[in-house]
$ cat start_1.cif   # mmCIF, C-alpha atoms
data_data
#
loop_
_atom_site.group_PDB
_atom_site.id
_atom_site.type_symbol
_atom_site.label_atom_id
_atom_site.label_comp_id
_atom_site.auth_asym_id
_atom_site.auth_seq_id
_atom_site.Cartn_x
_atom_site.Cartn_y
_atom_site.Cartn_z
ATOM 1 C CA GLY A 1 -34.900 10.350 81.419
ATOM 2 C CA ALA A 2 -37.515 8.259 83.169
ATOM 3 C CA ARG A 3 -39.603 11.343 83.929
ATOM 4 C CA ALA A 4 -39.720 12.359 80.272
ATOM 5 C CA ALA A 5 -40.686 8.844 79.242
ATOM 6 C CA ALA A 6 -43.437 8.712 81.852
ATOM 7 C CA GLU A 7 -45.094 12.023 80.870
ATOM 8 C CA PRO A 8 -46.746 10.777 77.639
ATOM 9 C CA LEU A 9 -47.966 7.690 79.483
ATOM 10 C CA ASN A 10 -49.429 9.790 82.272
ATOM 11 C CA GLY A 11 -51.180 11.888 79.649
ATOM 12 C CA LEU A 12 -52.582 8.739 78.074
ATOM 13 C CA MET A 13 -54.060 7.692 81.413
ATOM 14 C CA GLU A 14 -55.405 11.124 82.362
ATOM 15 C CA SER A 15 -57.003 11.829 78.964
ATOM 16 C CA GLY A 16 -59.235 8.774 79.090
ATOM 17 C CA CYS A 17 -57.564 7.273 76.002
ATOM 18 C CA TRP A 18 -56.332 4.302 78.017
ATOM 19 C CA GLU A 19 -59.887 3.328 79.001
ATOM 20 C CA SER A 20 -60.933 3.633 75.347
ATOM 21 C CA VAL A 21 -58.148 1.319 74.226
ATOM 22 C CA CYS A 22 -59.102 -1.218 76.909
ATOM 23 C CA ALA A 23 -62.778 -1.007 75.910
ATOM 24 C CA CYS A 24 -61.869 -1.586 72.253
ATOM 25 C CA LEU A 25 -59.899 -4.712 73.115
ATOM 26 C CA ASN A 26 -62.680 -5.956 75.413
ATOM 27 C CA ASP A 27 -65.259 -5.550 72.640
ATOM 28 C CA LEU A 28 -63.167 -7.696 70.354
ATOM 29 C CA ALA A 29 -62.581 -10.230 73.113
ATOM 30 C CA GLN A 30 -66.325 -10.648 73.580
ATOM 31 C CA GLY A 31 -66.930 -11.124 69.866
ATOM 32 C CA ARG A 32 -68.771 -7.868 69.267
ATOM 33 C CA GLU A 33 -66.400 -6.971 66.398
ATOM 34 C CA ARG A 34 -65.284 -9.491 63.776
ATOM 35 C CA CYS A 35 -64.508 -7.373 60.729
ATOM 36 C CA PRO A 36 -60.864 -7.665 59.575
ATOM 37 C CA PHE A 37 -60.499 -3.899 59.900
ATOM 38 C CA SER A 38 -61.479 -4.201 63.568
ATOM 39 C CA ILE A 39 -58.907 -6.941 64.071
ATOM 40 C CA ILE A 40 -56.244 -4.793 62.409
ATOM 41 C CA GLY A 41 -57.253 -1.871 64.622
ATOM 42 C CA SER A 42 -57.015 -4.057 67.697
ATOM 43 C CA ARG A 43 -53.505 -4.987 66.644
ATOM 44 C CA ASP A 44 -52.572 -1.304 66.702
ATOM 45 C CA SER A 45 -54.158 -0.962 70.149
ATOM 46 C CA LEU A 46 -52.215 -3.997 71.318
ATOM 47 C CA GLN A 47 -48.992 -2.454 70.036
ATOM 48 C CA LEU A 48 -49.706 0.649 72.110
ATOM 49 C CA VAL A 49 -50.465 -1.392 75.222
ATOM 50 C CA TYR A 50 -47.298 -3.437 74.780
ATOM 51 C CA GLU A 51 -45.228 -0.264 74.503
ATOM 52 C CA VAL A 52 -46.732 0.989 77.758
ATOM 53 C CA PHE A 53 -46.053 -2.240 79.630
ATOM 54 C CA SER A 54 -42.498 -2.671 78.378
ATOM 55 C CA ARG A 55 -41.385 0.882 79.275
ATOM 56 C CA ASP A 56 -39.896 2.269 82.458
ATOM 57 C CA GLY A 57 -38.695 -1.050 83.883
ATOM 58 C CA GLY A 58 -42.142 -2.643 83.803
ATOM 59 C CA ARG A 59 -43.621 -0.014 86.115
ATOM 60 C CA TYR A 60 -47.055 -0.258 84.443
ATOM 61 C CA LEU A 61 -47.066 -4.051 84.036
ATOM 62 C CA PRO A 62 -49.491 -4.709 86.956
ATOM 63 C CA MET A 63 -52.203 -3.065 84.829
ATOM 64 C CA LEU A 64 -52.064 -6.173 82.638
ATOM 65 C CA VAL A 65 -54.480 -7.907 85.014
ATOM 66 C CA GLN A 66 -56.859 -4.933 85.146
ATOM 67 C CA HIS A 67 -59.780 -4.185 82.770
ATOM 68 C CA ASN A 68 -59.673 -7.847 81.586
ATOM 69 C CA LEU A 69 -56.715 -6.908 79.405
ATOM 70 C CA LEU A 70 -54.937 -10.233 79.653
ATOM 71 C CA GLN A 71 -58.072 -12.144 78.679
ATOM 72 C CA SER A 72 -58.631 -9.708 75.819
ATOM 73 C CA PHE A 73 -55.118 -10.263 74.483
ATOM 74 C CA VAL A 74 -55.596 -14.011 74.396
ATOM 75 C CA ALA A 75 -59.070 -13.706 72.840
ATOM 76 C CA LEU A 76 -57.531 -11.955 69.819
ATOM 77 C CA LEU A 77 -56.148 -15.382 68.874
ATOM 78 C CA ARG A 78 -59.516 -17.136 68.671
ATOM 79 C CA GLU A 79 -59.898 -19.199 65.524
ATOM 80 C CA GLU A 80 -62.428 -17.090 63.624
ATOM 81 C CA SER A 81 -60.309 -13.956 64.085
ATOM 82 C CA VAL A 82 -56.988 -15.402 62.966
ATOM 83 C CA VAL A 83 -58.527 -17.240 60.013
ATOM 84 C CA CYS A 84 -60.256 -14.016 58.950
ATOM 85 C CA LEU A 85 -57.045 -12.003 59.221
ATOM 86 C CA HIS A 86 -54.982 -14.656 57.441
ATOM 87 C CA SER A 87 -57.388 -14.819 54.501
ATOM 88 C CA TRP A 88 -57.689 -11.023 54.193
ATOM 89 C CA PRO A 89 -55.686 -9.586 51.225
ATOM 90 C CA LYS A 90 -52.108 -8.596 51.960
ATOM 91 C CA GLU A 91 -52.693 -5.301 50.123
ATOM 92 C CA LEU A 92 -55.288 -4.421 52.774
ATOM 93 C CA ASP A 93 -52.962 -5.222 55.695
ATOM 94 C CA GLY A 94 -53.982 -8.840 56.055
ATOM 95 C CA GLY A 95 -52.427 -12.169 55.137
ATOM 96 C CA SER A 96 -49.615 -14.207 56.667
ATOM 97 C CA ASP A 97 -47.426 -11.257 57.635
ATOM 98 C CA ALA A 98 -50.291 -9.538 59.438
ATOM 99 C CA LEU A 99 -51.151 -12.753 61.271
ATOM 100 C CA CYS A 100 -47.532 -13.221 62.380
ATOM 101 C CA LEU A 101 -47.401 -9.653 63.670
ATOM 102 C CA LEU A 102 -50.574 -10.148 65.709
ATOM 103 C CA VAL A 103 -49.326 -13.460 67.138
ATOM 104 C CA ASP A 104 -45.965 -11.884 68.023
ATOM 105 C CA LEU A 105 -47.622 -8.978 69.828
ATOM 106 C CA VAL A 106 -49.958 -11.200 71.835
ATOM 107 C CA SER A 107 -47.150 -13.627 72.711
ATOM 108 C CA GLN A 108 -44.793 -10.820 73.750
ATOM 109 C CA SER A 109 -47.455 -9.145 75.875
ATOM 110 C CA VAL A 110 -48.543 -12.314 77.654
ATOM 111 C CA PHE A 111 -44.903 -13.328 78.193
ATOM 112 C CA LEU A 112 -43.865 -9.989 79.729
ATOM 113 C CA PRO A 113 -44.642 -10.941 83.371
ATOM 114 C CA PHE A 114 -42.415 -14.017 82.969
ATOM 115 C CA SER A 115 -39.510 -11.960 81.630
ATOM 116 C CA PRO A 116 -40.143 -8.279 82.498
ATOM 117 C CA PRO A 117 -37.799 -5.359 81.770
ATOM 118 C CA GLY A 118 -37.306 -5.027 85.552
ATOM 119 C CA PRO A 119 -37.440 -7.459 88.503
ATOM 120 C CA VAL A 120 -39.961 -10.301 88.325
ATOM 121 C CA ASP A 121 -43.102 -9.525 90.341
ATOM 122 C CA GLU A 122 -43.955 -12.922 91.838
ATOM 123 C CA GLU A 123 -47.400 -11.823 93.009
ATOM 124 C CA LEU A 124 -48.271 -10.535 89.533
ATOM 125 C CA LEU A 125 -46.877 -13.708 87.987
ATOM 126 C CA GLN A 126 -49.193 -15.843 90.118
ATOM 127 C CA LEU A 127 -52.187 -13.719 89.103
ATOM 128 C CA VAL A 128 -51.261 -14.035 85.436
ATOM 129 C CA GLN A 129 -50.887 -17.815 85.684
ATOM 130 C CA ARG A 130 -54.298 -18.122 87.360
ATOM 131 C CA VAL A 131 -55.907 -16.181 84.507
ATOM 132 C CA LEU A 132 -54.114 -18.243 81.874
ATOM 133 C CA GLU A 133 -55.057 -21.515 83.593
ATOM 134 C CA GLY A 134 -58.739 -20.576 83.431
ATOM 135 C CA PRO A 135 -61.246 -19.886 80.676
ATOM 136 C CA ALA A 136 -58.794 -17.737 78.693
ATOM 137 C CA GLU A 137 -57.601 -21.031 77.111
ATOM 138 C CA VAL A 138 -54.339 -19.474 76.012
ATOM 139 C CA VAL A 139 -52.691 -22.823 75.215
ATOM 140 C CA ALA A 140 -55.550 -23.986 72.997
ATOM 141 C CA LYS A 141 -55.600 -20.691 71.115
ATOM 142 C CA VAL A 142 -51.844 -20.598 70.548
ATOM 143 C CA VAL A 143 -51.875 -24.235 69.404
ATOM 144 C CA GLY A 144 -54.661 -23.339 66.969
ATOM 145 C CA VAL A 145 -52.567 -20.505 65.558
ATOM 146 C CA LEU A 146 -49.477 -22.741 65.289
ATOM 147 C CA ARG A 147 -51.576 -25.310 63.422
ATOM 148 C CA LEU A 148 -52.809 -22.664 60.994
ATOM 149 C CA MET A 149 -49.258 -21.393 60.483
ATOM 150 C CA ALA A 150 -47.779 -24.881 60.045
ATOM 151 C CA ASN A 151 -50.330 -25.795 57.392
ATOM 152 C CA SER A 152 -50.409 -22.445 55.595
ATOM 153 C CA GLY A 153 -47.761 -23.662 53.118
ATOM 154 C CA LYS A 154 -50.332 -25.979 51.518
ATOM 155 C CA HIS A 155 -52.114 -23.012 49.964
ATOM 156 C CA SER A 156 -49.444 -20.278 49.889
ATOM 157 C CA ALA A 157 -45.750 -19.710 50.516
ATOM 158 C CA PRO A 158 -44.662 -21.325 53.823
ATOM 159 C CA LEU A 159 -43.951 -18.990 56.713
ATOM 160 C CA ALA A 160 -40.398 -18.209 57.753
ATOM 161 C CA SER A 161 -39.117 -20.220 60.702
ATOM 162 C CA ASP A 162 -38.729 -17.190 62.965
ATOM 163 C CA ALA A 163 -42.503 -16.627 62.786
ATOM 164 C CA TYR A 164 -42.889 -19.524 65.226
ATOM 165 C CA GLU A 165 -40.370 -18.369 67.822
ATOM 166 C CA LEU A 166 -42.483 -16.187 70.121
ATOM 167 C CA PRO A 167 -45.606 -18.375 70.313
ATOM 168 C CA ALA A 168 -43.421 -21.478 70.821
ATOM 169 C CA ARG A 169 -41.479 -19.714 73.580
ATOM 170 C CA LEU A 170 -44.721 -18.795 75.362
ATOM 171 C CA ILE A 171 -46.119 -22.335 75.131
ATOM 172 C CA SER A 172 -42.828 -23.857 76.262
ATOM 173 C CA ARG A 173 -42.612 -21.556 79.286
ATOM 174 C CA LEU A 174 -46.174 -22.365 80.334
ATOM 175 C CA VAL A 175 -45.761 -26.135 79.938
ATOM 176 C CA LEU A 176 -42.496 -26.080 81.888
ATOM 177 C CA GLY A 177 -44.161 -24.078 84.658
ATOM 178 C CA HIS A 178 -47.298 -26.131 85.324
ATOM 179 C CA GLU A 179 -48.514 -29.617 84.439
ATOM 180 C CA LEU A 180 -51.986 -28.246 83.681
ATOM 181 C CA PHE A 181 -50.634 -26.381 80.646
ATOM 182 C CA GLY A 182 -48.999 -29.582 79.405
ATOM 183 C CA ARG A 183 -52.324 -31.381 79.550
ATOM 184 C CA GLN A 184 -54.003 -28.474 77.759
ATOM 185 C CA PHE A 185 -51.332 -28.593 75.042
ATOM 186 C CA VAL A 186 -51.962 -32.289 74.394
ATOM 187 C CA GLU A 187 -55.758 -31.933 74.526
ATOM 188 C CA ALA A 188 -55.624 -28.990 72.102
ATOM 189 C CA GLY A 189 -53.829 -31.134 69.523
ATOM 190 C CA GLY A 190 -50.324 -29.765 69.965
ATOM 191 C CA LEU A 191 -48.942 -33.230 69.152
ATOM 192 C CA ARG A 192 -51.109 -33.607 66.041
ATOM 193 C CA ASP A 193 -51.661 -31.982 62.658
ATOM 194 C CA GLY A 194 -48.016 -31.344 61.848
ATOM 195 C CA VAL A 195 -47.388 -28.737 64.566
ATOM 196 C CA LEU A 196 -44.469 -30.437 66.296
ATOM 197 C CA PRO A 197 -42.603 -31.583 63.169
ATOM 198 C CA ARG A 198 -42.635 -27.982 61.978
ATOM 199 C CA LEU A 199 -41.293 -26.679 65.298
ATOM 200 C CA LEU A 200 -38.531 -29.311 65.293
ATOM 201 C CA ASP A 201 -37.432 -28.826 61.697
ATOM 202 C CA GLY A 202 -33.628 -28.902 61.613
ATOM 203 C CA GLY A 203 -33.450 -25.645 59.686
ATOM 204 C CA ASN A 204 -35.171 -23.658 62.428
ATOM 205 C CA PRO A 205 -33.293 -21.119 64.581
ATOM 206 C CA PRO A 206 -31.600 -22.783 67.592
ATOM 207 C CA ALA A 207 -33.759 -20.814 70.067
ATOM 208 C CA LEU A 208 -36.940 -22.217 68.500
ATOM 209 C CA LEU A 209 -35.551 -25.752 68.470
ATOM 210 C CA ILE A 210 -34.549 -25.536 72.127
ATOM 211 C CA ASP A 211 -37.991 -24.282 73.184
ATOM 212 C CA ALA A 212 -39.706 -27.055 71.206
ATOM 213 C CA LEU A 213 -37.380 -29.743 72.595
ATOM 214 C CA LEU A 214 -37.905 -28.487 76.146
ATOM 215 C CA LEU A 215 -41.671 -28.614 75.627
ATOM 216 C CA VAL A 216 -41.749 -32.217 74.371
ATOM 217 C CA SER A 217 -39.153 -33.341 76.903
ATOM 218 C CA GLN A 218 -41.240 -31.936 79.754
ATOM 219 C CA LEU A 219 -44.324 -33.790 78.503
ATOM 220 C CA ALA A 220 -42.382 -37.063 78.257
ATOM 221 C CA ARG A 221 -40.829 -36.525 81.677
ATOM 222 C CA SER A 222 -44.022 -35.590 83.487
ATOM 223 C CA ASN A 223 -46.386 -38.396 82.470
ATOM 224 C CA LYS A 224 -45.923 -41.768 80.765
ATOM 225 C CA ASP A 225 -49.443 -41.421 79.337
ATOM 226 C CA TYR A 226 -48.063 -38.831 76.923
ATOM 227 C CA TYR A 227 -45.729 -41.382 75.300
ATOM 228 C CA ALA A 228 -48.455 -42.508 72.897
ATOM 229 C CA HIS A 229 -49.148 -38.903 71.879
ATOM 230 C CA VAL A 230 -45.455 -38.145 71.333
ATOM 231 C CA ASP A 231 -45.064 -41.394 69.381
ATOM 232 C CA GLY A 232 -48.006 -40.414 67.174
ATOM 233 C CA ALA A 233 -46.453 -37.019 66.441
ATOM 234 C CA GLU A 234 -43.883 -38.785 64.207
ATOM 235 C CA ILE A 235 -40.896 -36.670 65.216
ATOM 236 C CA TYR A 236 -38.240 -39.395 65.421
ATOM 237 C CA GLY A 237 -36.667 -38.249 62.156
ATOM 238 C CA GLN A 238 -36.375 -34.722 63.507
ATOM 239 C CA ILE A 239 -34.869 -35.966 66.787
ATOM 240 C CA LYS A 240 -32.247 -37.969 64.875
ATOM 241 C CA THR A 241 -31.299 -34.889 62.879
ATOM 242 C CA LEU A 242 -31.080 -32.698 65.984
ATOM 243 C CA LEU A 243 -28.768 -35.162 67.744
ATOM 244 C CA ALA A 244 -26.160 -34.119 65.174
ATOM 245 C CA HIS A 245 -27.006 -30.393 65.184
ATOM 246 C CA GLU A 246 -24.079 -27.973 65.022
ATOM 247 C CA GLU A 247 -25.261 -26.175 68.185
ATOM 248 C CA ALA A 248 -24.231 -27.987 71.369
ATOM 249 C CA ALA A 249 -27.279 -26.693 73.275
ATOM 250 C CA VAL A 250 -29.623 -28.206 70.686
ATOM 251 C CA ARG A 251 -27.793 -31.561 70.814
ATOM 252 C CA ALA A 252 -27.975 -31.545 74.615
ATOM 253 C CA LYS A 253 -31.738 -30.904 74.654
ATOM 254 C CA ALA A 254 -32.272 -33.632 72.024
ATOM 255 C CA CYS A 255 -30.338 -36.078 74.226
ATOM 256 C CA ASN A 256 -32.406 -35.024 77.216
ATOM 257 C CA LEU A 257 -35.584 -35.704 75.250
ATOM 258 C CA LEU A 258 -34.326 -39.193 74.380
ATOM 259 C CA GLY A 259 -33.707 -39.880 78.054
ATOM 260 C CA ASN A 260 -37.202 -38.785 79.022
ATOM 261 C CA LEU A 261 -38.743 -40.917 76.256
ATOM 262 C CA CYS A 262 -37.101 -43.894 78.003
ATOM 263 C CA ARG A 263 -37.791 -42.709 81.553
ATOM 264 C CA HIS A 264 -41.075 -44.427 82.413
ATOM 265 C CA SER A 265 -41.344 -47.460 80.142
ATOM 266 C CA ALA A 266 -40.132 -49.158 76.960
ATOM 267 C CA TYR A 267 -43.105 -47.823 74.933
ATOM 268 C CA CYS A 268 -40.931 -45.766 72.552
ATOM 269 C CA TYR A 269 -38.094 -48.300 72.226
ATOM 270 C CA PRO A 270 -39.268 -49.921 68.943
ATOM 271 C CA ALA A 271 -39.561 -46.547 67.195
ATOM 272 C CA LEU A 272 -36.221 -45.370 68.583
ATOM 273 C CA LEU A 273 -34.508 -48.570 67.398
ATOM 274 C CA ARG A 274 -35.873 -48.081 63.898
#

$ encode --input "start_1.cif" --output "structure tokens"
Amino acid sequence: GARAAAEPLNGLMESGCWESVCACLNDLAQGRERCPFSIIGSRDSLQLVYEVFSRDGGRYLPMLVQHNLLQSFVALLREESVVCLHSWPKELDGGSDALCLLVDLVSQSVFLPFSPPGPVDEELLQLVQRVLEGPAEVVAKVVGVLRLMANSGKHSAPLASDAYELPARLISRLVLGHELFGRQFVEAGGLRDGVLPRLLDGGNPPALLIDALLLVSQLARSNKDYYAHVDGAEIYGQIKTLLAHEEAAVRAKACNLLGNLCRHSAYCYPALLR
């Protein structure tokens, strides 16, 4: 029962192991450890932390904003770390699969307050959003990872579509929740370097397509100044394909995006007519 599940967690707290795990993640966050083995070890620590937070109805989730844990999670996605892990040999627990696992764990952990195993804690959610809005630069880091993933096929086998689902879901949720995150997404290059065409590829899982369509639609809806950025992303071919997608929810979101591209001005009309 709940008591049995809580006992190992209580032991983790009382033994001092929890503080050690937090200290390890903080060291990595501050750039004191950059060896691939340290990054791999941090991934194991992150897995442990995620298991703690996702157990017992989210009882321990408020600890996410203690010991700088949230900032540490996001810092694991800084460019030098993910590039190092991606280039490390697969035989030594590196490579594309290892990178995807790290990105999934960070995305799941950061997303937990938005979709917890128990009731949403609005106070905690506000604290989390304030941290993410600040110097943690979560949007820029996730965009950087998506760019690396989208372009990885140039030098090795392309990543499976489901590898993009969790980071895209996190970005979409943030952009839908606050205009600041939308601006950060654009400034970080989320509409450049092939990121969006990859997220909107017709062969992607419907959940990924819906998150990506919601993201772009929100940008188009919120500010006409983003029209030029969306136009430059060259996603009209993908939109046309998605308008005929077999899933009704995908078709609906593609139609909604079209409406928002026409909401403020006629800027996108020539491209849409072509």

$ resolve_selection --input "start_1.cif" --expression "the PyMOL selection byres ((chain A and resi 133) around 12)" --output "mmCIF file with C-alpha atoms, in the coordinates of the input"
data_model
loop_
_atom_site.group_PDB
_atom_site.id
_atom_site.type_symbol
_atom_site.label_atom_id
_atom_site.label_comp_id
_atom_site.auth_asym_id
_atom_site.auth_seq_id
_atom_site.Cartn_x
_atom_site.Cartn_y
_atom_site.Cartn_z
ATOM 1 C CA LEU A 70 -54.937 -10.233 79.653
ATOM 2 C CA GLN A 71 -58.072 -12.144 78.679
ATOM 3 C CA VAL A 74 -55.596 -14.011 74.396
ATOM 4 C CA GLN A 126 -49.193 -15.843 90.118
ATOM 5 C CA LEU A 127 -52.187 -13.719 89.103
ATOM 6 C CA VAL A 128 -51.261 -14.035 85.436
ATOM 7 C CA GLN A 129 -50.887 -17.815 85.684
ATOM 8 C CA ARG A 130 -54.298 -18.122 87.360
ATOM 9 C CA VAL A 131 -55.907 -16.181 84.507
ATOM 10 C CA LEU A 132 -54.114 -18.243 81.874
ATOM 11 C CA GLY A 134 -58.739 -20.576 83.431
ATOM 12 C CA PRO A 135 -61.246 -19.886 80.676
ATOM 13 C CA ALA A 136 -58.794 -17.737 78.693
ATOM 14 C CA GLU A 137 -57.601 -21.031 77.111
ATOM 15 C CA VAL A 138 -54.339 -19.474 76.012
ATOM 16 C CA VAL A 139 -52.691 -22.823 75.215
ATOM 17 C CA ALA A 140 -55.550 -23.986 72.997
ATOM 18 C CA LEU A 174 -46.174 -22.365 80.334
ATOM 19 C CA VAL A 175 -45.761 -26.135 79.938
ATOM 20 C CA GLY A 177 -44.161 -24.078 84.658
ATOM 21 C CA HIS A 178 -47.298 -26.131 85.324
ATOM 22 C CA GLU A 179 -48.514 -29.617 84.439
ATOM 23 C CA LEU A 180 -51.986 -28.246 83.681
ATOM 24 C CA PHE A 181 -50.634 -26.381 80.646
ATOM 25 C CA GLY A 182 -48.999 -29.582 79.405
ATOM 26 C CA ARG A 183 -52.324 -31.381 79.550
ATOM 27 C CA GLN A 184 -54.003 -28.474 77.759
ATOM 28 C CA PHE A 185 -51.332 -28.593 75.042
#

$ resolve_selection --input "start_1.cif" --expression "the PyMOL selection byres ((chain A and resi 100-114) around 9)" --output "PyMOL selection string"
chain A and resi 40+43+46-47+49-50+53-54+58+61-62+64+70+73-74+76-77+82+95-99+115-117+120-122+124-125+128+142+145+149+159+163-170+173

$ closest_residue --input "start_1.cif" --among "A:Cys17, A:Val186, A:Leu209, A:Ile235" --to "Asn223 (chain A)" --atoms "all atoms listed in the file"
A:Val186

$ atom_distance --input "start_1.cif" --atom1 "CA of Ala75 (chain A)" --atom2 "CA of Tyr60 (chain A)"
21.4 Å

$ closest_residue --input "start_1.cif" --among "A:Ser15, A:Asn204, A:Asn260, A:Ser152" --to "Val83 (chain A)" --atoms "all atoms listed in the file"
A:Ser152

$ atom_distance --input "start_1.cif" --atom1 "CA of Leu148 (chain A)" --atom2 "CA of Gly194 (chain A)"
10.0 Å

$ atom_distance --input "start_1.cif" --atom1 "CA of Leu258 (chain A)" --atom2 "CA of Glu187 (chain A)"
22.6 Å

$ axis_aligned_box --input "start_1.cif" --around "region 83-96 of chain A" --padding-each-side "3 Å" --output "JSON"
{"center_x": -54.9, "center_y": -10.8, "center_z": 55.1, "size_x": 16.6, "size_y": 18.8, "size_z": 15.9}

$ residues_near_point --input "start_1.cif" --point "(-38.1, -25.6, 75.0)" --cutoff "6 Å" --atoms "only C-alpha atoms" --output "ChimeraX atom specification"
/A:172,210-215

$ residues_around --input "start_1.cif" --residues "Ser72 (chain A)" --least-positions-apart "5" --cutoff "10 Å" --atoms "all atoms listed in the file" --output "list in words"
Cys22, Ala23, Cys24, Leu25, Asn26, Asp27, Leu28, Ala29, Gln30, Leu46, His67, Leu77, Val106 and Ala136 of chain A

$ closest_atom_pairs --input "start_1.cif" --of "region 116-206 of chain A" --to "region 229-233 of chain A" --cutoff "10 Å" --atoms "all atoms listed in the file" --output "JSON lines"
{"residue": "A:Val186", "atom": "CA", "partner": "A:His229", "partner_atom": "CA", "distance": 7.6}
{"residue": "A:Glu187", "atom": "CA", "partner": "A:His229", "partner_atom": "CA", "distance": 10.0}
{"residue": "A:Gly189", "atom": "CA", "partner": "A:His229", "partner_atom": "CA", "distance": 9.4}
{"residue": "A:Gly190", "atom": "CA", "partner": "A:Ala233", "partner_atom": "CA", "distance": 8.9}
{"residue": "A:Leu191", "atom": "CA", "partner": "A:Ala233", "partner_atom": "CA", "distance": 5.3}
{"residue": "A:Arg192", "atom": "CA", "partner": "A:Ala233", "partner_atom": "CA", "distance": 5.8}
{"residue": "A:Asp193", "atom": "CA", "partner": "A:Ala233", "partner_atom": "CA", "distance": 8.2}
{"residue": "A:Gly194", "atom": "CA", "partner": "A:Ala233", "partner_atom": "CA", "distance": 7.5}
{"residue": "A:Val195", "atom": "CA", "partner": "A:Ala233", "partner_atom": "CA", "distance": 8.5}
{"residue": "A:Leu196", "atom": "CA", "partner": "A:Ala233", "partner_atom": "CA", "distance": 6.9}
{"residue": "A:Pro197", "atom": "CA", "partner": "A:Ala233", "partner_atom": "CA", "distance": 7.4}

$ resolve_selection --input "start_1.cif" --expression "the PyMOL selection byres ((chain A and resi 250) around 12)" --output "number ranges by chain"
A: 200-214, 238-249, 251-257

$ closest_residue --input "start_1.cif" --among "A:Arg59, A:Lys224, A:His264, A:Lys141" --to "Glu80 (chain A)" --atoms "all atoms listed in the file"
A:Lys141

$ closest_residue --input "start_1.cif" --among "A:Ala188, A:Leu92, A:Leu199, A:Val21" --to "Ala150 (chain A)" --atoms "only C-alpha atoms"
A:Leu199

$ build_atoms --input "start_1.cif" --residues "region 91-106 of chain A" --atoms "N, CA and C atoms" --output "PDB file, in the frame of the given file"
ATOM      1  N   GLU A  91     -52.660  -6.716  50.515  1.00  0.00           N
ATOM      2  CA  GLU A  91     -52.693  -5.301  50.123  1.00  0.00           C
ATOM      3  C   GLU A  91     -53.541  -4.461  51.069  1.00  0.00           C
ATOM      4  N   LEU A  92     -54.424  -5.123  51.822  1.00  0.00           N
ATOM      5  CA  LEU A  92     -55.288  -4.421  52.774  1.00  0.00           C
ATOM      6  C   LEU A  92     -54.851  -4.712  54.216  1.00  0.00           C
ATOM      7  N   ASP A  93     -53.562  -5.015  54.372  1.00  0.00           N
ATOM      8  CA  ASP A  93     -52.962  -5.222  55.695  1.00  0.00           C
ATOM      9  C   ASP A  93     -53.410  -6.514  56.361  1.00  0.00           C
ATOM     10  N   GLY A  94     -53.664  -7.519  55.531  1.00  0.00           N
ATOM     11  CA  GLY A  94     -53.982  -8.840  56.055  1.00  0.00           C
ATOM     12  C   GLY A  94     -52.951  -9.845  55.578  1.00  0.00           C
ATOM     13  N   GLY A  95     -53.322 -11.127  55.619  1.00  0.00           N
ATOM     14  CA  GLY A  95     -52.427 -12.169  55.137  1.00  0.00           C
ATOM     15  C   GLY A  95     -51.486 -12.703  56.201  1.00  0.00           C
ATOM     16  N   SER A  96     -50.527 -13.510  55.757  1.00  0.00           N
ATOM     17  CA  SER A  96     -49.615 -14.207  56.667  1.00  0.00           C
ATOM     18  C   SER A  96     -48.781 -13.248  57.511  1.00  0.00           C
ATOM     19  N   ASP A  97     -48.264 -12.199  56.892  1.00  0.00           N
ATOM     20  CA  ASP A  97     -47.426 -11.257  57.635  1.00  0.00           C
ATOM     21  C   ASP A  97     -48.215 -10.568  58.746  1.00  0.00           C
ATOM     22  N   ALA A  98     -49.448 -10.197  58.434  1.00  0.00           N
ATOM     23  CA  ALA A  98     -50.291  -9.538  59.438  1.00  0.00           C
ATOM     24  C   ALA A  98     -50.614 -10.490  60.583  1.00  0.00           C
ATOM     25  N   LEU A  99     -50.877 -11.756  60.232  1.00  0.00           N
ATOM     26  CA  LEU A  99     -51.151 -12.753  61.271  1.00  0.00           C
ATOM     27  C   LEU A  99     -49.939 -12.937  62.174  1.00  0.00           C
ATOM     28  N   CYS A 100     -48.754 -13.036  61.585  1.00  0.00           N
ATOM     29  CA  CYS A 100     -47.532 -13.221  62.380  1.00  0.00           C
ATOM     30  C   CYS A 100     -47.298 -12.040  63.318  1.00  0.00           C
ATOM     31  N   LEU A 101     -47.576 -10.834  62.827  1.00  0.00           N
ATOM     32  CA  LEU A 101     -47.401  -9.653  63.670  1.00  0.00           C
ATOM     33  C   LEU A 101     -48.353  -9.688  64.860  1.00  0.00           C
ATOM     34  N   LEU A 102     -49.599 -10.054  64.617  1.00  0.00           N
ATOM     35  CA  LEU A 102     -50.574 -10.148  65.709  1.00  0.00           C
ATOM     36  C   LEU A 102     -50.148 -11.198  66.726  1.00  0.00           C
ATOM     37  N   VAL A 103     -49.744 -12.371  66.249  1.00  0.00           N
ATOM     38  CA  VAL A 103     -49.326 -13.460  67.138  1.00  0.00           C
ATOM     39  C   VAL A 103     -48.104 -13.042  67.951  1.00  0.00           C
ATOM     40  N   ASP A 104     -47.158 -12.362  67.314  1.00  0.00           N
ATOM     41  CA  ASP A 104     -45.965 -11.884  68.023  1.00  0.00           C
ATOM     42  C   ASP A 104     -46.335 -10.915  69.134  1.00  0.00           C
ATOM     43  N   LEU A 105     -47.228  -9.981  68.837  1.00  0.00           N
ATOM     44  CA  LEU A 105     -47.622  -8.978  69.828  1.00  0.00           C
ATOM     45  C   LEU A 105     -48.333  -9.610  71.019  1.00  0.00           C
ATOM     46  N   VAL A 106     -49.250 -10.529  70.741  1.00  0.00           N
ATOM     47  CA  VAL A 106     -49.958 -11.200  71.835  1.00  0.00           C
ATOM     48  C   VAL A 106     -48.972 -12.021  72.668  1.00  0.00           C
TER      49      VAL A 106
END
